[in-house]
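Accompanying notes for the structure given below.
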Amino acid sequence: MEIRVLRYFLAVAREGNITGAANSLHLSQPTLSRQIKDLEEELGKPLLVRKSHRVALTPEGVLFRKRAEEIISMVDKTEAEFSAMQNTISGDIYIGGGETQAIRQIAAILRNLRESYPEIHYHLYSGNAEDVTERLDKGLLDFGILIQPADLTKYDSLNLPAKDIWGVVMRKDSPLAEKEFIEKEDLLHVPLICSRQALSPHLTRNEFAAWFGDAFEELNVVTTFNLVYNAAIMVEAGIGYAVTIDKLTDTGKDSSLCFRPLKPRLESGLNIIWKKYQVFSPAAELFLNALKEELSV
C-alpha cells in the first residue's frame with residue numbers, strides 16, 4: 001500500500017467522483033480508476049459504491065478514509081520534522097486539549113518562542129480527554145492538556161498552575177441568577193446543558209458527577225455540547241443552564257449571561273502531557289524546555 005495511493009483515495013472521497021479527483025490530481029480518469037480498483041483488491045473490500053456521475057463510500061470506505069487521513073497526517077508531520085532539522089529550528093508543534101483558561105499560559109510561552117524562532121508554527125486541536133489521548137497515542141499530537149484527575153500512567157506530565165472553577169452559566173434574568181452560588185438542590189429541577197464528556201458513562205473520573213453525588217442520574221439534561229461557545233448560544237435562547245467552567249464564555253456587563261460558581265466549590269487542576277520516551281522534533285523539544293523553565297521544573 002503506497003502513500004501516493006492513499007492520497008488518491010482521499011481525493012476521490014473528497015471530490016465525490018472519479019473525474020473531479022483525477023483533474024485535481026492531474027491524472028487521467030482511467031489511471032485513477034485502476035489505482036483505486038487495485039487498492040480495493042489489495043484490501044479485499046469494496047471502498048466505493050460507483051454510480052453514474054458520482055461515488056459514495058462503503059462502510060469499509062468510511063473506516064479506510066479515517067485511517068488514511070491519520071497515516072497521511074503522520075507522514076506529513078514526519079517530513080516536516082526532518083525538513084526542520086536541516087535548517088535553523090523550525091517546524092510544527094501540535095497541541096491538543098479541551099477548552100480551558102490554561103491555554104493562556106501556553107499562549108504566553110508560544111508568543112515568547114515566536115520572537116526568537118519565527119519559523120515554528122503551532123497547531124491547536126480542541127477535543128475532550130478521550131480525543132486528545134487517542135491522537136497523542138497515534139503520534140498526531142506532541143502534547144495534550146488534560147483536566148485532573150486523569151490517567152497519566154502512559155505519559156510524562158507537568159502540572160499547570162492554573163485552576164478551572166466549575167459553575168453554571170445562565171441568563172441574567174433567570175431565577176438562579178439572584179443567587180451568589182449554585183448548590184446541588186438548585187440543579188435538580190431545571191433544564192441543564194452539559195458537556196458530552198461529563199455525561200460519558202464509561203468515564204470513572206467525572207468530577208462533576210462525584211460532586212453531585214447519588215442524585216446525578218436524576219438531573220434533567222436537555223442538551224449536550226462539545227464546545228462551550230455553542231452551549232452559550234443555547235443558554236441565550238432560553239433552553240437551559242450550562243454546567244461548565246468559568247471564563248470560557250462572555251459574562252461581562254454587556255452580556256445577557258452570567259456565571260455562578262458551585263457550592264461547595266469545585267476546582268479542577270490541569271496537566272500537560274506527552275508520551276513516555278517520546279523523541280521530539282527540535283521545535284517540540286524547544287517548547288518543552290521553555291515550558292519546564294516557565295514552571296521552574
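Ordering of the C-alpha cells sets the chain letters (A, B, ...), residue numbers begin anew at 1 in every chain, and ligands are numbered from 1 in the order given.
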
Using backbone DSSP assignments, extract all alpha helix (DSSP H) residues from segment 43-180 of chain A; output them as a PyMOL selection string. chain A and resi 43+59-85+103-116+129-137

Neighbouring residues of segment 170-176 of chain A were defined as those with any atom within 7 Å, considering only C-alpha atoms; residues of the same chain fewer than 5 positions away were excluded. Please report them as a list of chain:residue names. A:Val235, A:Glu236, A:Tyr241, A:Ala242, A:Ser256, A:Leu257, A:Cys258, A:Phe259

Tell me, in Å to one decimal, how far atom CA of Ile193 of chain A is from atom CA of Asn220 of chain A.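 Atom-to-atom, atom CA of Ile193 of chain A and atom CA of Asn220 of chain A are spaced 8.8 Å apart.
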
For segment 90-93 of chain A, please output as JSON, numbers by chain all residues within 9 Å (counting only C-alpha atoms; exclusion window: fewer than 6 positions along the same chain). {"A": [77, 80, 81, 82, 83, 84, 117, 118, 119, 120, 121, 122, 123, 124, 141, 142, 143, 281, 282, 283, 284, 287]}

May I have the residues within 10 Å of Tyr8 of chain A as number ranges by chain, using only C-alpha atoms and disregarding those fewer than 2 positions away in the same chain? A: 2-6, 10-14, 18, 21-22, 24-25, 27, 32-33, 35-36

Tell me which protein, DNA and RNA residues are within 10 Å of segment 50-62 of chain A, counting only C-alpha atoms, leaving out same-chain ones fewer than 3 positions away, and put them as an MDAnalysis selection string. chainID A and resid 9 12:13 15:20 40 43 45:47 65:68

Residues as selected, all heavy atoms, written as a tab-separated table (two decimals), in the first residue's frame, can you do that?
chain	number	residue	atom	x	y	z
A	9	PHE	N	-6.95	8.04	-3.00
A	9	PHE	CA	-8.24	7.65	-2.43
A	9	PHE	C	-8.90	8.81	-1.70
A	9	PHE	O	-10.11	9.03	-1.83
A	9	PHE	CB	-8.06	6.46	-1.48
A	9	PHE	CG	-9.30	6.14	-0.69
A	9	PHE	CD1	-10.37	5.48	-1.29
A	9	PHE	CD2	-9.41	6.52	0.64
A	9	PHE	CE1	-11.52	5.21	-0.57
A	9	PHE	CE2	-10.56	6.25	1.36
A	9	PHE	CZ	-11.62	5.59	0.75
A	12	VAL	N	-10.54	11.18	-4.09
A	12	VAL	CA	-11.81	10.66	-4.58
A	12	VAL	C	-12.90	10.84	-3.53
A	12	VAL	O	-14.02	11.28	-3.83
A	12	VAL	CB	-11.68	9.18	-4.98
A	12	VAL	CG1	-13.04	8.59	-5.34
A	12	VAL	CG2	-10.72	9.02	-6.15
A	13	ALA	N	-12.58	10.54	-2.28
A	13	ALA	CA	-13.56	10.70	-1.20
A	13	ALA	C	-13.95	12.16	-1.04
A	13	ALA	O	-15.12	12.47	-0.79
A	13	ALA	CB	-12.98	10.15	0.10
A	15	GLU	N	-13.78	14.62	-3.46
A	15	GLU	CA	-14.46	15.15	-4.64
A	15	GLU	C	-15.81	14.49	-4.87
A	15	GLU	O	-16.72	15.08	-5.46
A	15	GLU	CB	-13.58	14.96	-5.89
A	15	GLU	CG	-12.27	15.71	-5.86
A	15	GLU	CD	-12.46	17.22	-5.97
A	15	GLU	OE1	-13.52	17.64	-6.50
A	15	GLU	OE2	-11.57	17.97	-5.52
A	16	GLY	N	-15.96	13.24	-4.45
A	16	GLY	CA	-17.21	12.54	-4.66
A	16	GLY	C	-17.39	11.97	-6.05
A	16	GLY	O	-18.44	11.41	-6.37
A	17	ASN	N	-16.38	12.08	-6.88
A	17	ASN	CA	-16.41	11.44	-8.20
A	17	ASN	C	-15.00	11.26	-8.73
A	17	ASN	O	-14.08	12.00	-8.36
A	17	ASN	CB	-17.29	12.21	-9.21
A	17	ASN	CG	-16.71	13.57	-9.55
A	17	ASN	OD1	-15.80	13.70	-10.34
A	17	ASN	ND2	-17.27	14.62	-8.92
A	18	ILE	N	-14.83	10.29	-9.58
A	18	ILE	CA	-13.50	9.93	-10.11
A	18	ILE	C	-12.96	11.03	-11.01
A	18	ILE	O	-11.79	11.40	-10.94
A	18	ILE	CB	-13.56	8.59	-10.88
A	18	ILE	CG1	-14.00	7.44	-9.95
A	18	ILE	CG2	-12.21	8.27	-11.50
A	18	ILE	CD1	-13.00	7.04	-8.92
A	19	THR	N	-13.81	11.59	-11.85
A	19	THR	CA	-13.35	12.59	-12.83
A	19	THR	C	-12.81	13.83	-12.13
A	19	THR	O	-11.73	14.33	-12.46
A	19	THR	CB	-14.50	12.97	-13.78
A	19	THR	OG1	-14.98	11.81	-14.44
A	19	THR	CG2	-14.03	13.99	-14.80
A	20	GLY	N	-13.57	14.34	-11.14
A	20	GLY	CA	-13.11	15.52	-10.41
A	20	GLY	C	-11.81	15.27	-9.68
A	20	GLY	O	-10.91	16.12	-9.66
A	40	GLU	N	-8.65	-1.62	-3.69
A	40	GLU	CA	-9.75	-2.44	-3.18
A	40	GLU	C	-9.39	-3.92	-3.22
A	40	GLU	O	-9.70	-4.68	-2.29
A	40	GLU	CB	-11.01	-2.17	-3.99
A	40	GLU	CG	-11.60	-0.78	-3.76
A	40	GLU	CD	-12.81	-0.51	-4.64
A	40	GLU	OE1	-12.72	-0.80	-5.85
A	40	GLU	OE2	-13.83	-0.02	-4.13
A	43	LEU	N	-7.00	-4.72	-0.39
A	43	LEU	CA	-7.66	-4.77	0.91
A	43	LEU	C	-8.68	-5.89	0.99
A	43	LEU	O	-9.07	-6.30	2.09
A	43	LEU	CB	-8.35	-3.43	1.19
A	43	LEU	CG	-7.43	-2.23	1.39
A	43	LEU	CD1	-8.23	-0.94	1.42
A	43	LEU	CD2	-6.61	-2.37	2.66
A	45	LYS	N	-11.77	-5.60	0.11
A	45	LYS	CA	-13.06	-5.00	0.46
A	45	LYS	C	-13.39	-3.88	-0.53
A	45	LYS	O	-12.48	-3.14	-0.95
A	45	LYS	CB	-13.04	-4.41	1.87
A	45	LYS	CG	-12.84	-5.44	2.98
A	45	LYS	CD	-14.10	-6.28	3.19
A	45	LYS	CE	-13.92	-7.24	4.36
A	45	LYS	NZ	-15.12	-8.08	4.57
A	46	PRO	N	-14.66	-3.69	-0.90
A	46	PRO	CA	-15.03	-2.55	-1.73
A	46	PRO	C	-15.01	-1.27	-0.90
A	46	PRO	O	-15.52	-1.24	0.22
A	46	PRO	CB	-16.45	-2.89	-2.19
A	46	PRO	CG	-16.99	-3.76	-1.10
A	46	PRO	CD	-15.82	-4.57	-0.59
A	47	LEU	N	-14.41	-0.24	-1.43
A	47	LEU	CA	-14.33	1.05	-0.73
A	47	LEU	C	-15.34	2.05	-1.26
A	47	LEU	O	-15.69	3.01	-0.56
A	47	LEU	CB	-12.92	1.63	-0.84
A	47	LEU	CG	-11.79	0.76	-0.28
A	47	LEU	CD1	-10.44	1.42	-0.54
A	47	LEU	CD2	-11.98	0.51	1.21
A	65	ARG	N	-11.05	5.76	5.03
A	65	ARG	CA	-10.74	7.19	4.91
A	65	ARG	C	-10.18	7.73	6.22
A	65	ARG	O	-9.20	8.49	6.21
A	65	ARG	CB	-12.00	7.97	4.54
A	65	ARG	CG	-11.76	9.49	4.46
A	65	ARG	CD	-12.99	10.26	4.00
A	65	ARG	NE	-14.10	10.06	4.92
A	65	ARG	CZ	-15.31	10.58	4.72
A	65	ARG	NH1	-15.56	11.29	3.62
A	65	ARG	NH2	-16.28	10.38	5.59
A	66	LYS	N	-10.76	7.34	7.35
A	66	LYS	CA	-10.26	7.79	8.65
A	66	LYS	C	-8.82	7.34	8.86
A	66	LYS	O	-7.96	8.13	9.26
A	66	LYS	CB	-11.17	7.25	9.76
A	66	LYS	CG	-10.81	7.72	11.16
A	66	LYS	CD	-11.85	7.24	12.16
A	66	LYS	CE	-11.61	7.82	13.55
A	66	LYS	NZ	-10.42	7.32	14.19
A	67	ARG	N	-8.55	6.08	8.56
A	67	ARG	CA	-7.19	5.57	8.74
A	67	ARG	C	-6.22	6.23	7.77
A	67	ARG	O	-5.08	6.55	8.12
A	67	ARG	CB	-7.17	4.05	8.54
A	67	ARG	CG	-7.97	3.29	9.57
A	67	ARG	CD	-7.32	3.38	10.94
A	67	ARG	NE	-8.11	2.67	11.95
A	67	ARG	CZ	-8.85	3.26	12.86
A	67	ARG	NH1	-8.90	4.58	12.89
A	67	ARG	NH2	-9.55	2.58	13.74
A	68	ALA	N	-6.64	6.44	6.52
A	68	ALA	CA	-5.78	7.08	5.53
A	68	ALA	C	-5.44	8.51	5.94
A	68	ALA	O	-4.30	8.96	5.79
A	68	ALA	CB	-6.46	7.07	4.15

Once DSSP has gone over the backbone, tell me which residues of segment 238-288 of chain A are in strand (DSSP E or B), as a VMD selection string. chain A and resid 241 to 245 257 to 262 267 to 275

Considering only C-alpha atoms, can you say which of A:Leu113, A:Ile165, A:Ala129, A:Ala108 comes closest to Lys247 of chain A?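 Closest residue, counting only C-alpha atoms: A:Ile165.
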
Please provide as number ranges by chain all residues within 7 Å of Ile245 of chain A, with the sequence filter that same-chain residues fewer than 6 positions apart are discarded (counting only C-alpha atoms). A: 164-167

Saved selection, atoms kept: all heavy atoms, as a PDB file, in the first residue's frame:
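Saved the output as selection-v6.pdb:
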ATOM      1  N   ASP A 164      -9.282  25.456  36.991  1.00  0.00           N
ATOM      2  CA  ASP A 164     -10.580  25.730  36.391  1.00  0.00           C
ATOM      3  C   ASP A 164     -11.656  25.656  37.465  1.00  0.00           C
ATOM      4  O   ASP A 164     -11.706  24.689  38.232  1.00  0.00           O
ATOM      5  CB  ASP A 164     -10.890  24.726  35.277  1.00  0.00           C
ATOM      6  CG  ASP A 164     -10.126  25.024  33.995  1.00  0.00           C
ATOM      7  OD1 ASP A 164      -9.758  26.191  33.797  1.00  0.00           O
ATOM      8  OD2 ASP A 164      -9.891  24.095  33.212  1.00  0.00           O
ATOM      9  N   ILE A 165     -12.507  26.661  37.527  1.00  0.00           N
ATOM     10  CA  ILE A 165     -13.569  26.736  38.521  1.00  0.00           C
ATOM     11  C   ILE A 165     -14.892  26.356  37.864  1.00  0.00           C
ATOM     12  O   ILE A 165     -15.297  26.945  36.863  1.00  0.00           O
ATOM     13  CB  ILE A 165     -13.671  28.156  39.115  1.00  0.00           C
ATOM     14  CG1 ILE A 165     -12.346  28.536  39.783  1.00  0.00           C
ATOM     15  CG2 ILE A 165     -14.825  28.247  40.109  1.00  0.00           C
ATOM     16  CD1 ILE A 165     -12.275  29.987  40.215  1.00  0.00           C
ATOM     17  N   TRP A 166     -15.573  25.365  38.439  1.00  0.00           N
ATOM     18  CA  TRP A 166     -16.835  24.896  37.897  1.00  0.00           C
ATOM     19  C   TRP A 166     -17.997  25.744  38.393  1.00  0.00           C
ATOM     20  O   TRP A 166     -17.992  26.263  39.504  1.00  0.00           O
ATOM     21  CB  TRP A 166     -17.084  23.448  38.328  1.00  0.00           C
ATOM     22  CG  TRP A 166     -16.250  22.451  37.598  1.00  0.00           C
ATOM     23  CD1 TRP A 166     -14.938  22.147  37.828  1.00  0.00           C
ATOM     24  CD2 TRP A 166     -16.663  21.619  36.513  1.00  0.00           C
ATOM     25  NE1 TRP A 166     -14.508  21.185  36.956  1.00  0.00           N
ATOM     26  CE2 TRP A 166     -15.548  20.826  36.142  1.00  0.00           C
ATOM     27  CE3 TRP A 166     -17.864  21.451  35.831  1.00  0.00           C
ATOM     28  CZ2 TRP A 166     -15.601  19.894  35.116  1.00  0.00           C
ATOM     29  CZ3 TRP A 166     -17.931  20.517  34.815  1.00  0.00           C
ATOM     30  CH2 TRP A 166     -16.801  19.754  34.459  1.00  0.00           C
ATOM     31  N   GLY A 167     -18.988  25.866  37.531  1.00  0.00           N
ATOM     32  CA  GLY A 167     -20.184  26.605  37.895  1.00  0.00           C
ATOM     33  C   GLY A 167     -21.241  26.470  36.823  1.00  0.00           C
ATOM     34  O   GLY A 167     -21.215  25.536  36.011  1.00  0.00           O
TER      35      GLY A 167
END

For a quick check of understanding, using only C-alpha atoms, which of A:Gln105, A:Asn271, A:Thr78, A:Asn230 has the smallest distance to Gly144 of chain A? A:Asn271

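Nearest-residue note for Glu70 of chain A: choosing from A:Arg111, A:Lys163, A:Arg135, A:Arg196, the minimum distance belongs to A:Arg135, counting only C-alpha atoms.
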
Straight-line distance linking atom CA of Val222 of chain A with atom CA of Val168 of chain A, stated in Å to one decimal: 14.7 Å
